[in-house]
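Participant: Just one file: input-v4.cif, with mmCIF, C-alpha atoms.
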```cif
data_input
loop_
_atom_site.label_atom_id
_atom_site.label_comp_id
_atom_site.auth_asym_id
_atom_site.auth_seq_id
_atom_site.Cartn_x
_atom_site.Cartn_y
_atom_site.Cartn_z
CA MET P 1 0.00 0.00 0.00
CA THR P 2 1.13 3.54 -0.72
CA GLN P 3 1.57 5.95 2.17
CA ALA P 4 -1.43 8.13 2.88
CA ASN P 5 -0.91 11.72 1.86
CA PRO P 6 -0.14 13.49 5.19
CA THR P 7 -2.14 16.58 4.24
CA SER P 8 -5.27 14.50 3.62
CA THR P 9 -7.41 14.37 6.75
CA ALA P 10 -10.17 12.22 5.27
CA GLN P 11 -8.75 8.96 6.58
CA THR P 12 -7.25 10.10 9.87
CA LEU P 13 -10.06 12.06 11.51
CA PRO P 14 -13.26 10.18 12.26
CA LEU P 15 -16.16 11.26 10.08
CA ALA P 16 -19.48 12.09 11.71
CA GLU P 17 -22.32 9.62 11.17
CA GLY P 18 -26.08 10.02 10.70
CA VAL P 19 -27.78 13.31 9.91
CA GLN P 20 -24.87 15.16 11.46
CA GLY P 21 -22.66 13.32 8.97
CA ILE P 22 -24.68 14.57 6.00
CA VAL P 23 -24.47 18.17 7.20
CA ALA P 24 -20.78 17.82 8.03
CA ASP P 25 -19.94 16.23 4.65
CA TRP P 26 -21.81 18.80 2.62
CA SER P 27 -20.69 21.85 4.61
CA SER P 28 -17.05 20.86 4.97
CA ASP P 29 -15.91 23.24 2.21
CA GLN P 30 -14.12 20.28 0.62
CA ARG P 31 -15.48 17.49 -1.51
CA ALA P 32 -18.92 16.37 -0.34
CA PHE P 33 -18.51 12.66 -1.09
CA LYS P 34 -15.77 11.77 1.36
CA ASN P 35 -14.63 8.21 0.77
CA VAL P 36 -15.75 7.92 -2.85
CA PRO P 37 -13.44 8.51 -5.82
CA TRP P 38 -14.76 11.39 -7.89
CA GLY P 39 -15.19 9.19 -10.95
CA LYS P 40 -17.62 7.06 -8.97
CA ALA P 41 -19.53 10.10 -7.67
CA MET P 42 -19.80 11.41 -11.24
CA MET P 43 -21.08 8.03 -12.47
CA TRP P 44 -23.76 8.13 -9.75
CA ILE P 45 -24.81 11.62 -10.85
CA PHE P 46 -24.92 10.51 -14.49
CA LEU P 47 -27.05 7.53 -13.45
CA LEU P 48 -29.40 9.85 -11.56
CA SER P 49 -29.92 11.91 -14.71
CA ASP P 50 -30.42 8.71 -16.72
CA THR P 51 -33.01 7.64 -14.15
CA PHE P 52 -34.96 10.79 -14.98
CA ILE P 53 -34.74 10.08 -18.71
CA PHE P 54 -36.01 6.52 -18.39
CA SER P 55 -38.67 7.55 -15.89
CA SER P 56 -39.92 10.20 -18.29
CA PHE P 57 -40.23 7.53 -20.99
CA LEU P 58 -42.04 5.11 -18.69
CA ILE P 59 -44.38 7.77 -17.32
CA SER P 60 -45.20 8.98 -20.86
CA TYR P 61 -45.89 5.37 -21.76
CA MET P 62 -48.26 5.10 -18.80
CA THR P 63 -50.00 8.32 -19.85
CA VAL P 64 -50.59 7.29 -23.47
CA ARG P 65 -51.60 3.77 -22.47
CA MET P 66 -54.15 5.03 -19.94
CA SER P 67 -55.61 7.58 -22.35
CA THR P 68 -55.96 5.45 -25.48
CA THR P 69 -59.46 4.35 -26.40
CA GLU P 70 -58.23 1.53 -28.62
CA PRO P 71 -57.49 -1.88 -27.06
CA TRP P 72 -53.90 -2.57 -26.04
CA PRO P 73 -52.40 -5.75 -27.57
CA ASN P 74 -52.11 -8.71 -25.18
CA VAL P 75 -48.39 -8.43 -24.38
CA SER P 76 -48.33 -11.88 -22.85
CA GLU P 77 -49.30 -13.40 -26.21
CA VAL P 78 -47.29 -11.05 -28.42
CA PHE P 79 -44.07 -12.14 -26.72
CA ALA P 80 -44.95 -15.83 -26.48
CA LEU P 81 -42.71 -18.44 -28.06
CA THR P 82 -43.45 -21.97 -29.18
CA LEU P 83 -40.98 -24.22 -27.40
CA PHE P 84 -41.11 -28.02 -27.59
CA GLY P 85 -44.39 -27.82 -29.46
CA ARG P 86 -46.03 -25.77 -26.72
CA LYS P 87 -46.85 -22.08 -26.72
CA ILE P 88 -45.46 -20.46 -23.57
CA PRO P 89 -46.58 -16.88 -22.81
CA LEU P 90 -43.94 -14.16 -22.36
CA ILE P 91 -41.16 -16.77 -22.20
CA LEU P 92 -38.78 -14.75 -24.40
CA ILE P 93 -38.90 -11.81 -21.99
CA ALA P 94 -38.49 -14.10 -18.99
CA ILE P 95 -35.32 -15.60 -20.47
CA MET P 96 -34.00 -12.12 -21.28
CA THR P 97 -34.65 -11.11 -17.67
CA PHE P 98 -32.72 -14.08 -16.30
CA VAL P 99 -29.84 -13.43 -18.71
CA LEU P 100 -29.55 -9.81 -17.60
CA ILE P 101 -29.76 -10.67 -13.89
CA SER P 102 -27.03 -13.26 -14.34
CA SER P 103 -24.83 -10.69 -16.03
CA SER P 104 -25.39 -8.42 -13.02
CA GLY P 105 -24.29 -11.22 -10.70
CA THR P 106 -21.07 -11.86 -12.63
CA MET P 107 -20.41 -8.12 -12.76
CA ALA P 108 -20.72 -7.77 -8.98
CA MET P 109 -18.19 -10.59 -8.56
CA ALA P 110 -15.86 -9.01 -11.13
CA VAL P 111 -15.78 -5.84 -8.99
CA LYS P 112 -14.93 -7.93 -5.92
CA PHE P 113 -12.09 -9.80 -7.65
CA GLY P 114 -10.88 -6.52 -9.14
CA TYR P 115 -10.32 -4.96 -5.72
CA GLU P 116 -8.52 -8.18 -4.72
CA LYS P 117 -6.26 -7.57 -7.74
CA ASN P 118 -7.14 -10.98 -9.10
CA ARG P 119 -6.55 -10.11 -12.73
CA ARG P 120 -7.54 -13.44 -14.29
CA MET P 121 -10.85 -13.84 -12.47
CA THR P 122 -11.79 -10.20 -13.07
CA PHE P 123 -11.04 -10.60 -16.77
CA ILE P 124 -13.04 -13.84 -17.07
CA LEU P 125 -16.03 -12.46 -15.15
CA LEU P 126 -16.04 -9.23 -17.19
CA LEU P 127 -16.02 -11.26 -20.40
CA ILE P 128 -18.89 -13.46 -19.16
CA THR P 129 -20.81 -10.29 -18.29
CA ALA P 130 -20.17 -8.89 -21.78
CA ALA P 131 -21.21 -12.19 -23.38
CA LEU P 132 -24.47 -12.27 -21.41
CA GLY P 133 -25.10 -8.64 -22.34
CA ALA P 134 -24.52 -9.43 -26.01
CA THR P 135 -26.91 -12.40 -25.68
CA PHE P 136 -29.53 -10.05 -24.30
CA VAL P 137 -29.10 -7.62 -27.21
CA GLY P 138 -29.26 -10.55 -29.64
CA MET P 139 -32.55 -11.72 -28.16
CA GLN P 140 -33.87 -8.19 -28.35
CA ALA P 141 -32.91 -8.03 -32.04
CA PHE P 142 -34.83 -11.29 -32.54
CA GLU P 143 -37.84 -9.83 -30.70
CA TRP P 144 -37.77 -6.64 -32.80
CA THR P 145 -37.45 -8.62 -36.05
CA LYS P 146 -40.41 -10.78 -35.09
CA LEU P 147 -42.51 -7.74 -34.26
CA ILE P 148 -41.54 -5.71 -37.33
CA VAL P 149 -41.51 -8.46 -39.97
CA GLU P 150 -44.14 -10.94 -38.78
CA GLU P 151 -46.59 -8.74 -36.86
CA GLY P 152 -46.09 -5.55 -38.91
CA VAL P 153 -45.74 -3.28 -35.87
CA ARG P 154 -44.24 0.14 -36.63
CA PRO P 155 -43.47 3.16 -34.44
CA TRP P 156 -46.44 4.89 -36.07
CA ALA P 157 -48.82 1.97 -36.61
CA ASN P 158 -49.84 -1.27 -35.00
CA PRO P 159 -52.15 -3.85 -36.60
CA LEU P 160 -52.61 -5.58 -33.21
CA GLY P 161 -54.42 -2.64 -31.56
CA ALA P 162 -53.43 0.76 -30.16
CA ALA P 163 -50.78 2.54 -32.24
CA GLN P 164 -49.19 3.81 -29.00
CA PHE P 165 -47.92 0.27 -28.39
CA GLY P 166 -45.56 0.52 -31.35
CA SER P 167 -44.19 3.95 -30.53
CA THR P 168 -43.58 3.36 -26.83
CA PHE P 169 -42.24 -0.16 -27.36
CA PHE P 170 -39.57 0.83 -29.88
CA MET P 171 -38.67 3.98 -27.96
CA ILE P 172 -38.26 2.37 -24.54
CA THR P 173 -36.70 -0.97 -25.45
CA GLY P 174 -34.59 0.73 -28.12
CA PHE P 175 -33.15 3.19 -25.65
CA HIS P 176 -32.52 0.41 -23.15
CA GLY P 177 -30.93 -1.81 -25.80
CA THR P 178 -28.62 1.04 -26.77
CA HIS P 179 -27.52 1.31 -23.15
CA VAL P 180 -26.81 -2.44 -23.05
CA SER P 181 -24.83 -2.29 -26.31
CA ILE P 182 -22.70 0.62 -25.08
CA GLY P 183 -22.19 -1.28 -21.83
CA VAL P 184 -20.96 -4.37 -23.71
CA ILE P 185 -18.40 -2.26 -25.61
CA PHE P 186 -17.13 -0.67 -22.40
CA LEU P 187 -17.04 -4.03 -20.61
CA ILE P 188 -14.72 -5.34 -23.31
CA ILE P 189 -12.52 -2.22 -23.06
CA VAL P 190 -12.28 -2.58 -19.26
CA ALA P 191 -11.61 -6.32 -19.59
CA ILE P 192 -8.69 -5.64 -21.96
CA LYS P 193 -7.29 -3.01 -19.57
CA VAL P 194 -7.50 -5.54 -16.72
CA ILE P 195 -5.77 -8.42 -18.50
CA ARG P 196 -3.04 -6.17 -19.93
CA GLY P 197 -2.24 -5.06 -16.40
CA ASP P 198 -3.00 -1.38 -17.10
CA LEU P 199 -4.71 -1.09 -13.73
CA ASP P 200 -1.94 -2.82 -11.74
CA HIS P 201 0.73 -0.64 -13.31
CA GLU P 202 -1.37 2.54 -13.20
CA ARG P 203 -0.87 3.18 -16.90
CA PRO P 204 -2.64 6.32 -18.14
CA GLY P 205 -5.79 5.76 -20.16
CA PHE P 206 -5.65 6.54 -23.89
CA LEU P 207 -8.52 9.01 -23.73
CA THR P 208 -8.39 10.66 -20.32
CA GLY P 209 -4.76 10.11 -19.40
CA ARG P 210 -5.83 9.22 -15.84
CA LYS P 211 -3.89 6.59 -13.94
CA GLY P 212 -5.35 3.12 -14.22
CA LYS P 213 -7.03 1.98 -10.98
CA TYR P 214 -9.33 -0.87 -10.07
CA GLU P 215 -12.06 1.62 -9.16
CA ILE P 216 -12.89 1.81 -12.87
CA VAL P 217 -14.18 -1.77 -12.64
CA GLU P 218 -16.58 -0.68 -9.90
CA ILE P 219 -17.63 2.41 -11.90
CA MET P 220 -18.27 0.15 -14.91
CA GLY P 221 -20.24 -2.10 -12.55
CA LEU P 222 -22.44 0.77 -11.42
CA TYR P 223 -23.40 1.48 -15.04
CA TRP P 224 -24.05 -2.18 -15.76
CA HIS P 225 -26.21 -2.70 -12.66
CA PHE P 226 -28.16 0.41 -13.63
CA VAL P 227 -28.96 -1.15 -17.01
CA ASP P 228 -30.27 -4.20 -15.15
CA LEU P 229 -32.20 -1.91 -12.78
CA VAL P 230 -33.95 -0.17 -15.67
CA TRP P 231 -34.90 -3.55 -17.11
CA VAL P 232 -36.57 -4.46 -13.80
CA PHE P 233 -38.91 -1.49 -14.26
CA ILE P 234 -39.46 -2.07 -18.00
CA PHE P 235 -40.22 -5.75 -17.34
CA ALA P 236 -42.75 -4.87 -14.64
CA VAL P 237 -44.63 -1.99 -16.27
CA PHE P 238 -44.33 -2.80 -19.96
CA TYR P 239 -44.46 -6.58 -20.10
CA LEU P 240 -46.51 -7.49 -17.01
CA TRP P 241 -49.14 -4.70 -17.15
CA MET J 1 -15.16 8.12 27.61
CA ALA J 2 -15.62 10.44 24.65
CA HIS J 3 -11.90 10.21 24.16
CA ALA J 4 -12.05 6.42 24.05
CA GLN J 5 -14.82 6.60 21.46
CA VAL J 6 -12.76 8.91 19.28
CA GLN J 7 -9.85 6.50 19.52
CA GLN J 8 -12.08 3.62 18.56
CA HIS J 9 -13.36 5.59 15.57
CA ALA J 10 -9.83 6.46 14.57
CA ALA J 11 -8.87 2.79 14.75
CA GLN J 12 -11.83 1.91 12.53
CA GLY J 13 -10.81 4.65 10.13
CA GLN J 14 -7.35 3.17 9.87
CA GLN J 15 -8.79 -0.25 9.22
CA HIS J 16 -10.84 1.19 6.39
CA ALA J 17 -7.78 2.86 4.98
CA HIS J 18 -6.15 -0.52 4.49
CA VAL J 19 -9.06 -1.88 2.48
CA GLU J 20 -9.34 -0.27 -0.94
CA GLY J 21 -12.80 0.42 -2.34
CA GLN J 22 -15.80 -1.81 -1.67
CA GLN J 23 -14.85 -5.32 -0.61
CA HIS J 24 -17.43 -7.77 0.64
CA PRO J 25 -17.56 -11.55 0.87
CA ILE J 26 -18.61 -13.27 -2.34
CA GLY J 27 -21.43 -15.09 -0.52
CA ILE J 28 -23.58 -11.96 -0.29
CA TYR J 29 -23.46 -11.48 -4.08
CA LEU J 30 -24.41 -15.10 -4.71
CA LYS J 31 -27.28 -14.88 -2.21
CA ILE J 32 -28.65 -11.67 -3.78
CA TRP J 33 -28.26 -13.21 -7.23
CA GLY J 34 -30.33 -16.20 -6.11
CA LEU J 35 -32.92 -13.93 -4.52
CA LEU J 36 -33.22 -11.88 -7.73
CA PHE J 37 -33.77 -15.10 -9.66
CA VAL J 38 -36.53 -16.18 -7.28
CA LEU J 39 -38.20 -12.75 -7.40
CA SER J 40 -38.06 -12.67 -11.22
CA ALA J 41 -39.53 -16.16 -11.39
CA MET J 42 -42.31 -15.03 -9.06
CA SER J 43 -43.14 -11.96 -11.15
CA TYR J 44 -43.19 -14.18 -14.23
CA ALA J 45 -45.54 -16.54 -12.37
CA VAL J 46 -47.92 -13.61 -11.78
CA ASP J 47 -48.39 -13.45 -15.55
CA TYR J 48 -48.24 -17.20 -16.14
CA PHE J 49 -51.04 -17.97 -13.66
CA HIS J 50 -53.16 -15.02 -14.89
CA PHE J 51 -53.55 -13.11 -11.65
CA GLN J 52 -55.80 -10.14 -12.37
CA GLY J 53 -56.95 -6.88 -10.83
CA TYR J 54 -55.46 -5.30 -7.72
CA LEU J 55 -53.71 -8.51 -6.65
CA ARG J 56 -51.75 -8.52 -9.92
CA TRP J 57 -50.74 -4.87 -9.50
CA PHE J 58 -49.80 -5.35 -5.88
CA LEU J 59 -47.59 -8.37 -6.63
CA ILE J 60 -45.92 -6.82 -9.71
CA ILE J 61 -45.03 -3.61 -7.86
CA VAL J 62 -43.83 -5.38 -4.71
CA PHE J 63 -41.52 -7.70 -6.69
CA MET J 64 -40.32 -4.79 -8.84
CA LEU J 65 -39.42 -2.63 -5.84
CA LEU J 66 -37.78 -5.52 -3.98
CA LYS J 67 -35.59 -6.33 -6.99
CA ALA J 68 -34.70 -2.67 -7.55
CA GLY J 69 -33.86 -2.26 -3.87
CA LEU J 70 -31.61 -5.32 -3.80
CA ILE J 71 -29.71 -4.24 -6.90
CA VAL J 72 -29.14 -0.69 -5.66
CA ALA J 73 -28.37 -1.65 -2.05
CA VAL J 74 -26.04 -4.62 -2.58
CA PHE J 75 -24.84 -4.83 -6.19
CA MET J 76 -24.32 -1.07 -6.41
CA HIS J 77 -23.04 -0.99 -2.79
CA MET J 78 -25.39 1.82 -1.78
CA MET J 79 -25.98 0.33 1.70
CA TRP J 80 -22.26 0.71 2.48
CA GLU J 81 -21.97 4.30 1.25
CA ARG J 82 -22.07 7.38 3.43
CA LEU J 83 -25.45 9.03 3.92
CA ALA J 84 -24.30 12.16 2.04
CA LEU J 85 -24.09 10.16 -1.21
CA MET J 86 -27.11 7.98 -0.47
CA TYR J 87 -29.41 10.97 0.05
CA ALA J 88 -27.94 12.93 -2.88
CA ILE J 89 -28.85 10.10 -5.26
CA LEU J 90 -32.00 8.58 -3.77
CA VAL J 91 -34.00 11.62 -2.58
CA PRO J 92 -34.24 13.42 -5.99
CA THR J 93 -35.89 10.35 -7.49
CA LEU J 94 -38.89 11.00 -5.22
CA LEU J 95 -39.67 14.00 -7.47
CA LEU J 96 -40.68 11.47 -10.10
CA MET J 97 -43.71 10.62 -7.97
CA VAL J 98 -45.03 14.11 -8.80
CA LEU J 99 -44.55 13.50 -12.53
CA LEU J 100 -46.26 10.12 -12.13
CA GLY J 101 -49.24 11.80 -10.46
CA ILE J 102 -49.48 14.53 -13.13
CA GLY J 103 -49.25 11.87 -15.86
CA ALA J 104 -52.05 9.82 -14.35
CA LEU J 105 -54.34 12.86 -13.90
CA GLU J 106 -53.67 14.03 -17.46
CA ALA J 107 -54.28 10.55 -18.87
CA ASP J 108 -57.62 10.21 -17.09
CA TYR J 109 -58.71 13.61 -18.37
CA THR J 110 -57.63 12.83 -21.96
CA PHE J 111 -59.44 9.50 -21.82
CA PHE J 112 -62.59 11.24 -20.56
CA THR J 113 -62.51 13.93 -23.26
CA ARG J 114 -61.87 11.32 -25.95
CA GLY J 115 -64.87 9.39 -24.67
CA VAL J 116 -67.05 12.51 -24.83
CA PHE J 117 -65.77 13.38 -28.31
CA PHE J 118 -66.36 9.94 -29.80
CA VAL J 119 -69.80 9.54 -28.23
CA ARG J 120 -70.85 12.96 -29.56
CA GLY J 121 -69.62 11.92 -32.99
CA LEU J 122 -72.02 8.97 -32.89
CA LEU J 123 -75.06 11.11 -32.06
#
```
Show the structure stored in the file as structure tokens.
Facilitator:
Amino acid sequence: MTQANPTSTAQTLPLAEGVQGIVADWSSDQRAFKNVPWGKAMMWIFLLSDTFIFSSFLISYMTVRMSTTEPWPNVSEVFALTLFGRKIPLILIAIMTFVLISSSGTMAMAVKFGYEKNRRMTFILLLITAALGATFVGMQAFEWTKLIVEEGVRPWANPLGAAQFGSTFFMITGFHGTHVSIGVIFLIIVAIKVIRGDLDHERPGFLTGRKGKYEIVEIMGLYWHFVDLVWVFIFAVFYLW
Amino acid sequence: MAHAQVQQHAAQGQQHAHVEGQQHPIGIYLKIWGLLFVLSAMSYAVDYFHFQGYLRWFLIIVFMLLKAGLIVAVFMHMMWERLALMYAILVPTLLLMVLLGIGALEADYTFFTRGVFFVRGLL
């Protein structure tokens, strides 16, 4: 371990807890988030803003769905699949949910092994996470193709019922799928940094020039868990309503 | 006594300084993973067994909030963060309840006016 910077008081003086702690942290005339690297605090603030974006989409969806006078398509049947000669309702979405939750589990373990400086395990778990994420996007592409080609649903029209189904479906799942795809790309970048030893040797990043540290695995994890979190809400209000 | 407490705190602080970032036993992640699987299976079962009405809504929302809470608290380590960060991130999301309320009111009104419009068209 490196020696603590002697001018930094964050680790040596005890920090206040509870409500007093909040006031003390925010009024300390220093950084407000005491034991959190700033990159992580910034990721949290980005995720908060993303929460508002997704919530606006989901609340608009609720508003148009409640106000339409045309019947809403039966989502349970639209997303059914015929497996082993039997039609199972909503099974595609259920599998996608389990895939994404599993990727969240492997991501959480990658963060843990990262802080233990276990390069190999972190690399493997990050790659599994990326593979599960890519599987999810692949299944979503299959779902979109089925809806567009076979059912003829468009963002502006829907032969199955209310036209609002098409617009909200493509908007919400499209935005979420984009997040997953970007996450997969970044997971691969972080995995390469880990296995090359960039984080152990504190090599500067090619874009930011910041020293490589294992906290970037946790920051990546925050983003990835957020993508899973959004899916929890989409699954509940879009597919189960 | 206060002095002893301060010393104890300082000792804890030093312990924390040795551990970098968020480190927790792997068991907790596996347990939460399992729990998320069970909760997802249960919300899928709500649809599979055709629960309807308020029971359906109650179950869907309870499972949704439990899953969201577990992910934020454990996977995203929020339960181990200081309150300053926790409140900064979690409290603003409550504002969305206002937007939700406005959306619901607006939707009911639009639905009502559409009903009136279409019925008048028939007469």
Participant: One number please: atom CA of Ile188 of chain P to atom CA of Ala130 of chain P, in Å, one decimal.
Facilitator: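 Computing the Euclidean distance for atom CA of Ile188 of chain P and atom CA of Ala130 of chain P yields 6.7 Å.
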Participant: Work out how far apart atom CA of Glu215 of chain P and atom CA of Leu70 of chain J are and give it in Å to one decimal.
Facilitator: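 Atom CA of Leu70 of chain J lies 21.4 Å from atom CA of Glu215 of chain P.
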Participant: Quick one: distance from atom CA of Lys117 of chain P to atom CA of Asp200 of chain P in Å, one decimal?
Facilitator: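 Spanning atom CA of Lys117 of chain P to atom CA of Asp200 of chain P is a straight-line distance of 7.6 Å.
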Participant: Using the chain letters and numbering of this document, enumerate as a PyMOL selection string the residues selected by the PyMOL selection byres ((chain P) within 7 of (chain J)).
Facilitator: chain P and resi 11-14+18+22+25+33+48+59+63-64+66-69+89+94+98+105+108-109+112+115+215+222+225+229+232-233+236+240
Participant: Quick one: residues within 12 Å of Thr129 of chain P, all atoms listed in the file counted, chain neighbours fewer than 5 positions away excluded, as a ChimeraX atom specification?
Facilitator: /P:99-111,122-124,134-136,180,183-188,190-191,220-221,224-225,228
Participant: Apply the PyMOL selection byres ((chain P and resi 178) around 12) to the displayed file and report the matching residues as a list in words.
Facilitator: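 Listing what the PyMOL selection byres ((chain P and resi 178) around 12) selects in the shown file: Gly133, Ala134, Phe136, Val137, Gly138, Gln140, Ala141, Phe170, Met171, Ile172, Thr173, Gly174, Phe175, His176, Gly177, His179, Val180, Ser181, Ile182, Gly183, Val184, Ile185 and Val227 of chain P.
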Participant: Which residue gives the smallest distance to Phe169 of chain P among P:Leu81, P:Val217, P:Met62, P:Ala131, with all atoms listed in the file counted?
Facilitator: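 Closest residue, counting all atoms listed in the file: P:Met62.
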Participant: Would you list the residues near (-21.2, 3.9, -9.1) (no more than 6 Å away, in the coordinates of the file, using all atoms listed in the file) as number ranges by chain?
Facilitator: P: 40, 43-44, 219, 222
Participant: Which residues fall under the PyMOL selection byres ((chain P and resi 79) around 8) in this file, as a ChimeraX atom specification?
Facilitator: /P:75-78,80-81,89-93,143
Participant: Please return as a PyMOL selection string every residue within 10 Å of (-38.4, 6.8, -20.7), taking into account all atoms listed in the file and the file's own coordinates.
Facilitator: chain P and resi 50-61+168+171-173+175-176+230+234
